[in-house]
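Asks: For reference, the file protein.csv (CSV, C-alpha atoms) is included below:
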chain,number,residue,atom,x,y,z
A,155,MET,CA,124.4,251.5,90.9
A,156,ARG,CA,124.2,248.2,89.0
A,157,ALA,CA,122.1,246.6,91.8
A,158,LEU,CA,119.6,249.5,91.5
A,159,GLN,CA,119.4,249.0,87.7
A,160,ARG,CA,118.7,245.3,88.1
A,161,THR,CA,116.0,246.0,90.7
A,162,GLY,CA,114.3,248.5,88.3
A,163,ILE,CA,114.4,245.9,85.4
A,164,PHE,CA,112.9,243.3,87.7
A,165,PHE,CA,110.0,245.5,88.7
A,166,PHE,CA,109.4,246.5,85.1
A,167,MET,CA,109.2,242.9,84.0
A,168,LEU,CA,106.9,242.1,86.9
A,169,LEU,CA,104.6,245.0,86.0
A,170,SER,CA,104.5,243.9,82.3
A,171,THR,CA,103.5,240.4,83.3
A,172,LEU,CA,100.7,241.5,85.6
A,173,THR,CA,99.4,243.8,82.8
A,174,VAL,CA,99.3,241.0,80.3
A,175,ARG,CA,97.5,238.7,82.7
A,176,ALA,CA,95.0,241.5,83.4
A,177,GLN,CA,94.3,241.8,79.6
A,178,ILE,CA,93.4,238.2,79.1
A,179,GLN,CA,92.4,235.2,81.3
A,180,VAL,CA,91.8,231.6,80.1
A,181,HIS,CA,89.9,229.3,82.4
A,182,SER,CA,89.0,225.6,81.7
A,183,SER,CA,86.9,223.4,83.9
A,184,LEU,CA,85.3,219.9,83.8
A,185,ASP,CA,81.8,219.0,84.9
A,186,ASN,CA,83.2,216.2,87.1
A,187,ARG,CA,86.5,214.7,88.3
A,188,GLU,CA,85.5,211.0,88.1
A,189,TYR,CA,84.0,209.3,85.1
A,190,THR,CA,83.2,205.8,83.9
A,191,ILE,CA,84.6,204.4,80.6
A,192,GLY,CA,82.7,205.9,77.7
A,193,ASP,CA,81.1,208.8,79.8
A,194,TYR,CA,80.9,212.2,78.2
A,195,ILE,CA,83.7,214.5,79.6
A,196,ARG,CA,82.4,218.0,79.2
A,197,LEU,CA,85.1,220.7,79.0
A,198,GLN,CA,84.0,224.3,79.7
A,199,LEU,CA,86.4,226.7,78.0
A,200,ARG,CA,86.0,230.4,78.9
A,201,VAL,CA,88.2,233.4,77.9
A,202,THR,CA,87.8,237.0,79.0
A,203,ALA,CA,90.0,239.6,77.4
A,204,ASP,CA,90.5,243.3,76.8
A,205,SER,CA,88.4,244.5,73.9
A,206,THR,CA,91.5,245.7,72.0
A,207,LEU,CA,93.0,242.1,71.7
A,208,HIS,CA,92.5,239.9,68.6
A,209,LEU,CA,91.9,236.3,69.7
A,210,GLN,CA,92.6,233.1,67.6
A,211,TRP,CA,90.2,230.4,68.9
A,212,PRO,CA,91.7,226.9,68.9
A,213,GLU,CA,90.3,223.9,67.1
A,214,ALA,CA,88.6,221.3,69.4
A,215,GLN,CA,90.6,218.4,67.9
A,216,ASP,CA,93.9,220.2,68.4
A,217,ILE,CA,93.4,220.7,72.2
A,218,THR,CA,93.9,217.0,73.2
A,219,ASP,CA,94.1,213.5,71.6
A,220,TYR,CA,91.1,212.2,73.6
A,221,THR,CA,88.1,211.1,71.5
A,222,LEU,CA,86.2,214.2,70.3
A,223,ILE,CA,82.4,213.7,70.6
A,224,SER,CA,81.1,217.2,69.8
A,225,ALA,CA,82.1,220.9,69.9
A,226,GLY,CA,79.4,223.4,70.8
A,227,PRO,CA,79.2,226.9,69.3
A,228,THR,CA,81.4,229.8,70.5
A,229,ASP,CA,79.2,232.0,72.7
A,230,THR,CA,80.1,235.7,73.2
A,231,ILE,CA,80.3,237.1,76.7
A,232,HIS,CA,80.0,240.9,77.3
A,233,ASP,CA,80.6,243.0,80.4
A,234,PRO,CA,81.2,246.8,80.7
A,235,GLN,CA,85.0,246.7,80.2
A,236,HIS,CA,85.8,243.3,78.6
A,237,PHE,CA,84.6,240.8,76.1
A,238,GLY,CA,85.0,237.1,76.0
A,239,TYR,CA,84.0,233.7,74.6
A,240,ALA,CA,82.8,230.4,76.0
A,241,GLN,CA,82.5,227.0,74.4
A,242,GLU,CA,81.6,223.5,75.6
A,243,ILE,CA,83.5,220.7,74.1
A,244,VAL,CA,82.7,217.0,74.8
A,245,TYR,CA,85.3,214.2,74.8
A,246,SER,CA,85.3,210.6,75.9
A,247,ILE,CA,87.9,208.0,77.0
A,248,TYR,CA,87.7,204.3,76.6
A,249,ASP,CA,90.4,203.1,79.0
A,250,SER,CA,90.5,203.4,82.8
A,251,GLY,CA,93.2,205.3,84.7
A,252,MET,CA,94.4,208.7,86.0
A,253,TYR,CA,94.3,211.4,83.4
A,254,TYR,CA,95.3,215.0,83.1
A,255,PHE,CA,93.4,217.4,80.8
A,256,PRO,CA,96.1,219.5,79.2
A,257,SER,CA,96.3,223.2,79.6
A,258,VAL,CA,94.6,225.2,76.7
A,259,SER,CA,96.6,227.9,75.0
A,260,ILE,CA,94.8,230.9,73.3
A,261,ALA,CA,96.8,232.8,70.7
A,262,TYR,CA,96.2,236.6,70.5
A,263,THR,CA,97.7,239.7,69.0
A,264,ARG,CA,97.8,243.3,70.3
A,265,PRO,CA,96.9,246.5,68.4
A,266,ARG,CA,99.6,247.5,66.0
A,267,ASP,CA,101.7,244.5,67.0
A,268,THR,CA,102.1,241.5,64.7
A,269,THR,CA,103.7,239.4,67.5
A,270,VAL,CA,101.6,236.4,68.5
A,271,TYR,CA,101.2,235.9,72.2
A,272,TYR,CA,99.7,233.0,74.1
A,273,ALA,CA,97.5,232.8,77.3
A,274,THR,CA,97.3,229.4,78.9
A,275,SER,CA,94.8,227.7,81.3
A,276,ASP,CA,95.7,225.3,84.1
A,277,SER,CA,95.7,221.5,83.5
A,278,ILE,CA,93.0,219.4,85.2
A,279,ALA,CA,93.4,216.0,86.8
A,280,PHE,CA,90.5,213.4,86.7
A,281,ILE,CA,89.9,209.7,87.0
A,282,VAL,CA,88.2,207.2,84.6
A,283,HIS,CA,86.8,204.0,86.2
A,284,THR,CA,85.9,200.7,84.6
A,285,VAL,CA,82.3,199.6,84.5
A,286,ALA,CA,81.3,197.9,87.8
A,287,VAL,CA,80.3,194.2,87.4
A,288,ASP,CA,77.9,192.6,90.0
A,289,THR,CA,79.6,189.2,90.6
A,290,THR,CA,76.7,188.2,93.0
A,291,GLN,CA,74.3,187.7,90.1
A,292,ALA,CA,74.0,184.4,88.2
A,293,ILE,CA,75.3,184.2,84.6
A,294,MET,CA,72.4,184.2,82.2
A,295,PRO,CA,72.3,181.5,79.5
A,296,ILE,CA,72.8,182.4,75.8
A,297,LYS,CA,69.5,182.7,73.9
A,298,ALA,CA,68.6,180.3,71.2
A,299,PRO,CA,68.7,181.5,67.6
A,300,ILE,CA,65.6,183.1,66.3
A,301,GLU,CA,64.0,181.7,63.2
A,302,VAL,CA,63.2,184.2,60.5
A,303,GLN,CA,60.7,183.5,57.8
A,304,VAL,CA,62.0,184.3,54.3
A,305,ARG,CA,59.4,185.2,51.7
A,306,ASN,CA,59.8,184.5,48.0
A,307,MET,CA,59.9,188.0,46.5
A,308,LEU,CA,60.8,187.0,42.9
A,309,TRP,CA,57.4,187.8,41.5
A,310,MET,CA,57.7,191.4,42.9
A,311,TYR,CA,61.1,191.8,41.2
A,312,ILE,CA,59.7,190.6,37.9
A,313,LEU,CA,56.7,193.0,38.1
A,314,GLY,CA,59.0,195.9,39.0
A,315,GLY,CA,61.2,195.1,36.0
A,316,ILE,CA,58.2,195.0,33.6
A,317,ILE,CA,57.0,198.4,34.9
A,318,LEU,CA,60.5,199.9,34.6
A,319,LEU,CA,60.9,198.7,31.0
A,320,GLY,CA,57.5,200.2,30.2
A,321,ILE,CA,58.5,203.6,31.6
A,322,ILE,CA,61.8,203.5,29.7
A,323,GLY,CA,60.0,202.6,26.4
A,324,PHE,CA,57.4,205.4,26.9
A,325,SER,CA,60.2,207.9,27.6
A,326,ILE,CA,62.1,207.0,24.5
A,327,TYR,CA,59.0,207.3,22.3
A,328,TYR,CA,57.9,210.6,23.9
A,329,PHE,CA,61.3,212.4,23.7
A,330,PHE,CA,62.7,210.9,20.4
A,331,PHE,CA,59.9,209.7,18.1
A,332,ARG,CA,56.9,211.8,18.9
A,333,LYS,CA,56.5,214.7,16.4
A,334,LYS,CA,56.3,218.1,17.9
A,335,GLU,CA,57.0,221.6,16.8
A,336,LYS,CA,59.8,223.3,18.5
A,337,VAL,CA,59.8,227.1,18.8
A,338,ILE,CA,63.3,228.4,18.9
A,339,LYS,CA,63.5,231.7,20.7
A,340,PRO,CA,66.5,233.8,20.2
A,341,VAL,CA,68.6,234.1,23.4
A,342,VAL,CA,69.8,237.6,24.1
A,343,VAL,CA,73.0,237.5,26.2
A,344,THR,CA,73.8,240.8,27.9
A,345,PRO,CA,77.5,241.0,28.6
A,346,LEU,CA,78.4,241.7,32.2
A,347,SER,CA,81.2,244.0,33.4
A,348,LEU,CA,84.0,242.9,35.6
A,349,TYR,CA,82.4,244.9,38.5
A,350,GLU,CA,79.0,243.0,38.1
A,351,ILE,CA,80.8,239.7,37.8
A,352,THR,CA,82.8,240.3,41.0
A,353,LEU,CA,79.8,241.3,43.0
A,354,GLN,CA,77.9,238.2,41.8
A,355,LYS,CA,80.8,236.0,42.9
A,356,LEU,CA,80.9,237.6,46.3
A,357,ASP,CA,77.1,237.2,46.8
A,358,ALA,CA,77.3,233.5,45.7
A,359,LEU,CA,80.2,232.9,48.1
A,360,GLU,CA,78.3,234.4,51.0
A,361,LYS,CA,75.2,232.2,50.2
A,362,GLU,CA,77.4,229.0,50.3
A,363,LYS,CA,77.9,229.6,54.1
A,364,LEU,CA,81.3,228.0,54.1
A,365,TRP,CA,82.6,229.4,57.3
A,366,GLN,CA,79.3,228.6,59.1
A,367,ASN,CA,79.9,224.9,58.1
A,368,ASP,CA,83.5,224.9,59.4
A,369,GLN,CA,85.2,225.4,56.0
A,370,LEU,CA,87.2,228.5,56.9
A,371,LYS,CA,90.2,227.7,54.7
A,372,LYS,CA,88.0,227.2,51.6
A,373,TYR,CA,86.0,230.4,52.5
A,374,TYR,CA,89.1,232.6,52.7
A,375,SER,CA,90.8,231.0,49.6
A,376,GLU,CA,87.7,231.8,47.4
A,377,LEU,CA,87.3,235.3,48.9
A,378,THR,CA,90.9,236.3,48.3
A,379,ASP,CA,90.8,234.8,44.8
A,380,ILE,CA,87.8,236.9,43.9
A,381,LEU,CA,89.5,240.1,45.2
A,382,ARG,CA,92.8,239.2,43.4
A,383,MET,CA,91.0,238.8,40.1
A,384,TRP,CA,89.2,242.2,40.7
A,385,MET,CA,92.4,244.1,41.5
A,386,GLU,CA,94.3,242.6,38.5
A,387,GLY,CA,91.5,243.4,36.1
A,388,ARG,CA,90.6,246.8,37.6
A,389,PHE,CA,94.1,248.2,38.4
A,390,GLN,CA,96.3,246.1,36.0
A,391,ILE,CA,98.6,244.9,38.8
A,392,GLN,CA,100.2,241.5,39.3
A,393,ALA,CA,97.8,240.2,42.0
A,394,LEU,CA,97.1,236.6,41.2
A,395,GLU,CA,100.7,235.4,41.7
A,396,SER,CA,101.8,238.0,44.4
A,397,THR,CA,101.9,237.7,48.2
A,398,SER,CA,99.7,239.8,50.4
A,399,ASP,CA,102.5,242.2,51.2
A,400,GLU,CA,103.4,242.6,47.5
A,401,ILE,CA,99.7,243.3,46.7
A,402,MET,CA,99.5,246.0,49.4
A,403,GLU,CA,102.7,247.7,48.0
A,404,GLN,CA,101.2,247.8,44.5
A,405,MET,CA,97.8,249.0,45.7
A,406,GLN,CA,99.3,251.9,47.6
A,407,ARG,CA,100.5,253.3,44.3
A,408,VAL,CA,97.3,253.0,42.3
A,409,PHE,CA,94.5,253.4,44.9
A,410,PRO,CA,94.9,256.2,47.5
A,411,ALA,CA,91.8,255.4,49.7
A,412,GLN,CA,93.5,254.7,53.0
A,413,GLU,CA,90.5,253.3,54.8
A,414,GLN,CA,89.7,250.8,52.1
A,415,LEU,CA,93.4,249.7,51.9
A,416,GLU,CA,93.3,249.1,55.7
A,417,HIS,CA,90.2,246.9,55.2
A,418,LEU,CA,91.9,245.1,52.3
A,419,HIS,CA,95.0,244.5,54.5
A,420,PHE,CA,92.7,243.0,57.3
A,421,ILE,CA,91.1,240.6,54.8
A,422,LEU,CA,94.4,239.4,53.3
A,423,GLU,CA,96.1,239.0,56.8
A,424,THR,CA,93.1,237.1,58.2
A,425,ALA,CA,93.0,234.8,55.2
A,426,ASP,CA,96.8,234.1,55.5
A,427,LEU,CA,96.3,233.1,59.1
A,428,ALA,CA,93.3,230.9,58.3
A,429,LYS,CA,95.0,229.2,55.3
A,430,PHE,CA,98.6,228.8,56.4
A,431,ALA,CA,98.8,229.2,60.2
A,432,LYS,CA,95.6,227.1,60.9
A,433,SER,CA,94.2,230.0,62.8
A,434,ARG,CA,90.4,230.1,63.5
A,435,PRO,CA,89.1,233.6,63.0
A,436,LEU,CA,86.0,234.6,65.1
A,437,PRO,CA,82.5,234.7,63.5
A,438,GLN,CA,82.5,238.5,63.5
A,439,ASP,CA,85.8,238.6,61.7
A,440,ASN,CA,84.4,236.3,58.9
A,441,THR,CA,81.3,238.5,58.5
A,442,ARG,CA,83.4,241.7,58.6
A,443,ALA,CA,85.8,240.3,55.9
A,444,MET,CA,82.8,239.7,53.5
A,445,GLU,CA,81.3,243.2,54.2
A,446,TRP,CA,84.6,244.9,53.7
A,447,ALA,CA,85.3,243.0,50.5
A,448,VAL,CA,82.0,244.1,48.9
A,449,ALA,CA,82.7,247.7,50.1
A,450,PHE,CA,86.2,247.6,48.6
A,451,VAL,CA,84.9,246.6,45.2
A,452,GLN,CA,82.1,249.2,45.3
A,453,GLN,CA,84.5,252.0,46.3
A,454,SER,CA,87.1,251.1,43.7
A,455,LYS,CA,84.5,250.9,40.9
A,456,PRO,CA,85.7,252.9,37.8
A,457,ALA,CA,83.8,256.1,37.1
A,458,ALA,CA,83.2,255.1,33.4
A,459,GLU,CA,82.5,251.4,33.7
A,460,GLU,CA,83.4,249.4,30.7
A,461,LYS,CA,81.3,246.3,29.9
A,462,GLU,CA,83.3,243.1,29.7
A,463,VAL,CA,82.2,239.5,28.9
A,464,GLN,CA,83.2,236.9,31.4
A,465,ALA,CA,85.8,234.5,30.0
Turn the structure described in the file into structure tokens.

Replies:
Amino acid sequence: MRALQRTGIFFFMLLSTLTVRAQIQVHSSLDNREYTIGDYIRLQLRVTADSTLHLQWPEAQDITDYTLISAGPTDTIHDPQHFGYAQEIVYSIYDSGMYYFPSVSIAYTRPRDTTVYYATSDSIAFIVHTVAVDTTQAIMPIKAPIEVQVRNMLWMYILGGIILLGIIGFSIYYFFFRKKEKVIKPVVVTPLSLYEITLQKLDALEKEKLWQNDQLKKYYSELTDILRMWMEGRFQIQALESTSDEIMEQMQRVFPAQEQLEHLHFILETADLAKFAKSRPLPQDNTRAMEWAVAFVQQSKPAAEEKEVQA
């Protein structure tokens, strides 16, 4: 009876492993297997996965300690049943020898499961050769020093100084000594509400294009700070000094819109991964976070909006 139970457990574990492998596949390849010192080593990284998985793409400099030359954009791959991503990363090595390109691990999570899993590619062996030297050619002599004529530019510096002093003197006269009438116009300041201020901050953050310029941590820090200030001012909860879980617990009591709370939880969770776990959210996740943040503020706008002046 025990032998039968052990056999059943073994087949269950085997079936689970095959299912995970079918959900995600990581493949890495090089454009060649032999290089010369200083050549570009082009790594093609390709991942195909089930559309329900949430992938965390690795940073190019974290994959290996070889010299990083460039990292191309992450391209999206679509087919009828799966989705995937592909990226070309260029490295270089400046010492000859036999090398192994390490296996690449892709972190991912499953729906309704906070456990982080990893899918790994195979390692790749390659060789780096020294630069070939033709010993049959004669050694060329060292060239003689080249004489360079130096022109006396003192008069140009003197002329430039005179012109600069003239410009400074004219500017002082024009702005301080010239009499002119000044018409003082009253400035009318229209106070903005917290709702208007929050939307302006979100719009300004989106125009900065931080995550497009590889500043993911700063992007999510500023995005969550804006949302925390909105929730603290709008719902009078302790949001600025609370963790993401504590914020969600407070919001459940004061804001019953379940869909908007799920979107808020996605934004806070993605921000925590980007800021503390050094995760790299995908471009569509970054765009979705901004869209859902704006929608959350709009949906939680008070019915009778009170005007407030920004501190």

Asks: List as a ChimeraX atom specification: which residues have an atom within 8 Å of (84.8, 211.3, 78.1), counting all atoms listed in the file?

Replies: /A:189,191-196,220-221,244-248

Asks: Grab the atom CA of A:Phe330 to atom CA of A:Leu318 distance for me, in Å with one decimal place.

Replies: 18.1 Å

Asks: One number please: atom CA of A:Pro456 to atom CA of A:Leu353, in Å, one decimal.

Replies: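 It comes out at 14.0 Å.
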
Asks: Between atom CA of A:Ala240 and atom CA of A:His283, what is the distance in Å, rounded to a tenth?

Replies: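 Those two atoms sit 28.6 Å apart.
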
Asks: Identify the residues within 7 Å of coordinate (87.6, 239.9, 39.6) (same frame as the file), considering only C-alpha atoms, and give the answer as a list in words.

Replies: Leu348, Thr352, Ile380, Leu381, Arg382, Met383, Trp384, Met385 and Gly387 of chain A

Asks: Find the residues around A:Leu207 up to 12 Å (only C-alpha atoms counted), leave out those fewer than 6 positions away in its own chain, and share them as a list in words.

Replies: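 So the residues in contact are Val174, Ala176, Gln177, Ile178, Gln179, Val201, His236, Phe237, Gly238, Ile260, Ala261, Tyr262, Thr263, Arg264, Pro265, Arg266, Asp267, Thr268, Thr269, Val270, Tyr271, Tyr272 and Ala273 of chain A.
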
Asks: Looking at A:Gln390, A:Gln406, A:Ser182, A:Gln198, which one is nearest to A:Val258, with distances taken over only C-alpha atoms?

Replies: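 Counting only C-alpha atoms, the residue closest to A:Val258 is A:Ser182.
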
Asks: Of the candidates A:Ala447, A:Leu377, A:Leu436, A:Ala457, which shows the shortest atom-to-atom distance to A:Leu209, using all atoms listed in the file?

Replies: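 Smallest separation from A:Leu209 among the options: A:Leu436.
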
Asks: Have a look at A:Ser325, A:Thr344, A:Ser454, A:Ser259 and name the one nearest to A:Thr218; count only C-alpha atoms.

Replies: A:Ser259

Asks: Pick from A:Leu415, A:Ile321, A:Ile326, A:Val451: nearest to A:Arg388, with all atoms listed in the file counted?

Replies: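 Distance minimum relative to A:Arg388 lands on A:Val451.
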
Asks: When you look at A:Ser398 with a cut-off of 12 Å (counting only C-alpha atoms), what residues show up, excluding the ones that are within fewer than 5 positions of it in the same chain? I need them as an NGL selection string.

Replies: :A and (378-379 or 381-382 or 392-393 or 403-405 or 415 or 418-427)
